[in-house]
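S.K.: I have a structure I would like to understand better, so I am pasting it below and will then ask my questions one at a time.
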Amino acid sequence: MKIKFEELKYELKQILLQNGLNEEQAEICSMTHAQASQDGVTSHGVNRIPRFIEYIRKGWINLKAEMELLNKFSVIETYDGHRGIGIVNAKKASERAIDLAKENGIGIVTLRNTTHWMRGGSYILDMVDQGFMGISWSNTESCMPPWGAKEQSIGNNPICMGIPRKNNPILLDMAESQFSWGKIQTTRMNKEQLPFPGGFNTIGEITKDPSEIEESRRIMPMGYWKGSGFAILLDLFSSILSNGNTTAMIDKINQGSGTGSSQVFIAFDPRYFITEMQMEKIIEETIYNIKNSESTHQGVEVRYPGEGQSNNRNVSDNEGIYVDDSIWKKIKIL
C-alpha cells in the first residue's frame, strides 16, 4: 500500500506518544522513521516500529534518559547515552559534532551506552543539509560470522559518509555485511531473491534466498575477509574512542538489537579547507565520470552513492510511501 508522508508521520507519532514518548521524542522519531521509508529504506523506517515498541515495553530503552557529557577536549566530546532512545541520542550527538565543526572546522562526538540508531544515514543527511561533510559509524551485537567461521561473533557495524552537493548529496550508508538483516527481511517479505549472494544456507552453500540465510543465521561479510576485518576495526574504534561497549560486551547485555552500542560522529566544514566553487567542481567532475561510464546492463544507468535514495524520495513524494500491508496492520494495532 502507498501512504502520503504527512499521514504516515502522523500515525507513527500518535503510536509513539501512546507508548510513553514525550512530544519532542515522538516528533524526532516519527520524522526519522517516516523519512527512512520515504527514501526507500523501509527496513529501518516503518518496519522497525513494532520492534522499537517491543523494546520500550520490555524496558530495554530508557525513555527518561538524557545524554551526559563525560569528557571534552579540543574538538572532541564524549557522551553517555544511558540507553536512551537511539534516534534521539544520535540526533543530538550529530548536531553537537556540527556545532564543533562550525567553530573549529571539524567536530568529533563519541557516544557510548546508547541504543539502535535505526538508519545511520539520517544523521549524515542532517550534516550535508547544513553544508557539512560527515562520517559516522556504530557497532552492534554479534550478527555476522567473521570470515572463515560458522558462528556469529562480530557485528555488521554500519558506517555512513556524506558530502553536500547543490543537487542531490553524495551519501554512503552501509553495513559491513553484503546486505543488512533489515534488507534480508524486507526481501523475504516481498517474496523476492537477493540480487547477489548474501549469505550461506544450513549446509554452507552461498545463496540469494533470504529465507535460507535467516534460517542459517550466516550472513556474508561484504568483500568476504575484507568486510570482516573492517567490521572488527570499526567495533574497536567506536568502543575505544567512547570507552564504551564492544560487540562482545553488547552480546552480554543481551537486550535485543543494538542495546548498549558505541558510536562515533565526525563533521567537517569543507569551507575551512576549500571554496564552495572548488568543491563543486571536484564533485561534478567525479559525477560526470561515473554517469558517463558504460553500463553493464543496457538501459540501466550507472549511479553514484545516494542517487538511488534521492530517486526513491521523488517517487514517494509523487506516489506515496510504500508500506507493507502486514507491517501496517501491526502498527495500527499498536
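Starting from 1 in every chain, residues are counted up; chains themselves are A, B, ... following the order of the C-alpha cells, and ligands are numbered from 1 as listed.
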So that I can see what lies close to Lys2 in chain A, please list as a count of residues only the residues with an atom at most 12 Å from it, counting only C-alpha atoms and leaving out residues fewer than 6 positions away in the same chain.
M.R.: 15
S.K.: May I have the residues within 12 Å of range 16-23 of chain A as a ChimeraX atom specification, using only C-alpha atoms and disregarding those fewer than 3 positions away in the same chain?
M.R.: /A:9-13,26-31,33,49-50,52-59,61-65,84-85,88,331-334
S.K.: May I have the selected residues written with C-alpha atoms, as a JSON list (two decimals), in the first residue's frame?
M.R.:
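Ended up saving to again13.json:
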[["chain", "number", "residue", "atom", "x", "y", "z"],
["A", 9, "LYS", "CA", 4.38, 10.57, 10.13],
["A", 10, "TYR", "CA", 1.18, 11.49, 12.00],
["A", 11, "GLU", "CA", 0.22, 7.86, 12.60],
["A", 12, "LEU", "CA", 3.71, 6.98, 13.79],
["A", 13, "LYS", "CA", 3.79, 9.96, 16.14],
["A", 26, "ALA", "CA", 7.87, 11.40, 19.31],
["A", 27, "GLU", "CA", 8.40, 14.24, 16.82],
["A", 28, "ILE", "CA", 12.06, 13.34, 16.23],
["A", 29, "CYS", "CA", 11.44, 9.59, 15.96],
["A", 30, "SER", "CA", 8.32, 9.76, 13.78],
["A", 31, "MET", "CA", 10.08, 12.14, 11.38],
["A", 33, "HIS", "CA", 11.29, 6.71, 10.64],
["A", 49, "ILE", "CA", 8.39, 0.46, 14.65],
["A", 50, "PRO", "CA", 6.94, -2.80, 16.08],
["A", 52, "PHE", "CA", 11.04, -0.39, 18.79],
["A", 53, "ILE", "CA", 7.74, -0.51, 20.72],
["A", 54, "GLU", "CA", 8.56, -4.06, 21.92],
["A", 55, "TYR", "CA", 11.90, -2.85, 23.34],
["A", 56, "ILE", "CA", 10.18, 0.08, 25.09],
["A", 57, "ARG", "CA", 7.62, -2.24, 26.71],
["A", 58, "LYS", "CA", 10.37, -4.60, 27.85],
["A", 59, "GLY", "CA", 12.20, -1.70, 29.48],
["A", 61, "ILE", "CA", 15.03, 1.62, 26.20],
["A", 62, "ASN", "CA", 15.14, 4.29, 28.89],
["A", 63, "LEU", "CA", 12.63, 6.96, 27.86],
["A", 64, "LYS", "CA", 13.74, 9.22, 30.74],
["A", 65, "ALA", "CA", 17.43, 9.17, 29.78],
["A", 84, "GLY", "CA", 18.03, 6.28, 25.87],
["A", 85, "ILE", "CA", 16.26, 6.39, 22.51],
["A", 88, "VAL", "CA", 17.28, 10.99, 19.80],
["A", 331, "ILE", "CA", 1.40, -0.69, 13.51],
["A", 332, "LYS", "CA", -2.32, 0.10, 13.60],
["A", 333, "ILE", "CA", -2.75, -2.46, 16.39],
["A", 334, "LEU", "CA", -0.01, -0.73, 18.36]]
S.K.: Could you pull the residues within 12 Å of Phe273 in chain A, counting only C-alpha atoms, minus those fewer than 4 positions along the same chain, as a list in words?
M.R.: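 Listed by chain and then number, they are Asn104, Gly105, Ile106, Phe132, Met133, Phe268, Asp269, Met277, Gln278 and Met279 of chain A.
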S.K.: Could you save those same residues with C-alpha atoms as a PDB file, in the first residue's frame?
M.R.:
ATOM      1  CA  ASN A 104      36.898  24.543  14.529  1.00  0.00           C
ATOM      2  CA  GLY A 105      36.455  23.116  11.021  1.00  0.00           C
ATOM      3  CA  ILE A 106      35.994  19.631  12.475  1.00  0.00           C
ATOM      4  CA  PHE A 132      28.947  19.763   6.227  1.00  0.00           C
ATOM      5  CA  MET A 133      30.759  16.599   5.216  1.00  0.00           C
ATOM      6  CA  PHE A 268      33.818  18.569   8.669  1.00  0.00           C
ATOM      7  CA  ASP A 269      33.206  22.106   7.472  1.00  0.00           C
ATOM      8  CA  MET A 277      33.195  26.622  -6.068  1.00  0.00           C
ATOM      9  CA  GLN A 278      36.308  24.428  -5.928  1.00  0.00           C
ATOM     10  CA  MET A 279      34.411  21.733  -4.047  1.00  0.00           C
TER      11      MET A 279
END
S.K.: Check the DSSP output for the backbone and give back, as a VMD selection string, the residues of range 2-186 of chain A in helix (DSSP H, G or I).
M.R.: chain A and resid 5 to 18 23 to 38 42 to 44 46 to 58 86 to 104 121 to 129 181 to 186
S.K.: DSSP on the backbone: which residues in range 85-273 of chain A end up as strand (DSSP E or B)? Give the answer as a VMD selection string.
M.R.: chain A and resid 106 to 114 133 to 138 144 154 159 to 163 170 to 174 177 199 to 200 206 to 207 218 to 219 221 261 to 268
S.K.: Find the residues around Asn89 in chain A up to 9 Å (only C-alpha atoms counted), leave out those fewer than 3 positions away in its own chain, and share them as a VMD selection string.
M.R.: chain A and resid 66 to 67 81 83 to 86 92 to 94 111 114 to 115 117
S.K.: Quick one: residues within 8 Å of Pro145 in chain A, only C-alpha atoms counted, chain neighbours fewer than 4 positions away excluded, as a PDB file with N, CA and C atoms, in the first residue's frame?
M.R.:
ATOM      1  N   ALA A 149      34.379 -18.448   9.792  1.00  0.00           N
ATOM      2  CA  ALA A 149      33.697 -19.032  10.954  1.00  0.00           C
ATOM      3  C   ALA A 149      32.237 -19.343  10.626  1.00  0.00           C
ATOM      4  N   LYS A 150      31.640 -20.201  11.432  1.00  0.00           N
ATOM      5  CA  LYS A 150      30.231 -20.547  11.270  1.00  0.00           C
ATOM      6  C   LYS A 150      29.330 -19.745  12.208  1.00  0.00           C
ATOM      7  N   GLU A 151      29.835 -19.428  13.394  1.00  0.00           N
ATOM      8  CA  GLU A 151      29.006 -18.767  14.397  1.00  0.00           C
ATOM      9  C   GLU A 151      29.139 -17.244  14.325  1.00  0.00           C
ATOM     10  N   GLN A 152      28.065 -16.546  14.658  1.00  0.00           N
ATOM     11  CA  GLN A 152      28.082 -15.089  14.704  1.00  0.00           C
ATOM     12  C   GLN A 152      28.890 -14.618  15.909  1.00  0.00           C
ATOM     13  N   SER A 153      29.903 -13.810  15.668  1.00  0.00           N
ATOM     14  CA  SER A 153      30.672 -13.249  16.786  1.00  0.00           C
ATOM     15  C   SER A 153      31.190 -11.844  16.496  1.00  0.00           C
ATOM     16  N   ILE A 154      30.781 -11.243  15.342  1.00  0.00           N
ATOM     17  CA  ILE A 154      31.106  -9.846  15.062  1.00  0.00           C
ATOM     18  C   ILE A 154      29.834  -9.133  14.605  1.00  0.00           C
ATOM     19  N   ARG A 218      23.743 -17.164   8.921  1.00  0.00           N
ATOM     20  CA  ARG A 218      25.098 -16.927   8.417  1.00  0.00           C
ATOM     21  C   ARG A 218      25.045 -15.894   7.298  1.00  0.00           C
ATOM     22  N   ILE A 219      25.049 -14.630   7.693  1.00  0.00           N
ATOM     23  CA  ILE A 219      25.076 -13.536   6.732  1.00  0.00           C
ATOM     24  C   ILE A 219      26.511 -13.373   6.231  1.00  0.00           C
ATOM     25  N   MET A 220      26.685 -12.882   5.015  1.00  0.00           N
ATOM     26  CA  MET A 220      28.014 -12.810   4.395  1.00  0.00           C
ATOM     27  C   MET A 220      28.647 -11.426   4.583  1.00  0.00           C
ATOM     28  N   PRO A 221      29.890 -11.357   5.081  1.00  0.00           N
ATOM     29  CA  PRO A 221      30.577 -10.059   5.122  1.00  0.00           C
ATOM     30  C   PRO A 221      30.813  -9.540   3.707  1.00  0.00           C
TER      31      PRO A 221
END
S.K.: Write out, as CSV, each residue of range 36-99 of chain A that has an atom at most 10 Å from range 185-207 of chain A, together with the closest pair of atoms and their distance in Å to one decimal, counting only C-alpha atoms, rows going by chain and rising number.
M.R.:
residue,atom,partner,partner_atom,distance
A:Val41,CA,A:Thr186,CA,9.6
A:Thr42,CA,A:Thr186,CA,7.7
A:Ser43,CA,A:Thr186,CA,6.1
A:His44,CA,A:Thr186,CA,9.9
A:Asn47,CA,A:Thr186,CA,8.5
S.K.: Taking N, CA and C atoms for each residue, export the selection above as a tab-separated table (two decimals), in the first residue's frame.
M.R.:
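Just written: again26.tsv:
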chain	number	residue	atom	x	y	z
A	41	VAL	N	14.21	3.14	2.45
A	41	VAL	CA	14.87	2.30	3.46
A	41	VAL	C	13.82	1.82	4.46
A	42	THR	N	12.85	1.05	3.97
A	42	THR	CA	11.74	0.61	4.82
A	42	THR	C	12.21	-0.30	5.95
A	43	SER	N	13.31	-1.02	5.72
A	43	SER	CA	13.82	-1.95	6.73
A	43	SER	C	14.17	-1.24	8.03
A	44	HIS	N	14.60	0.03	7.94
A	44	HIS	CA	14.97	0.79	9.13
A	44	HIS	C	14.02	1.99	9.34
A	47	ASN	N	9.20	-0.39	9.12
A	47	ASN	CA	9.28	-1.79	9.53
A	47	ASN	C	9.88	-1.97	10.92
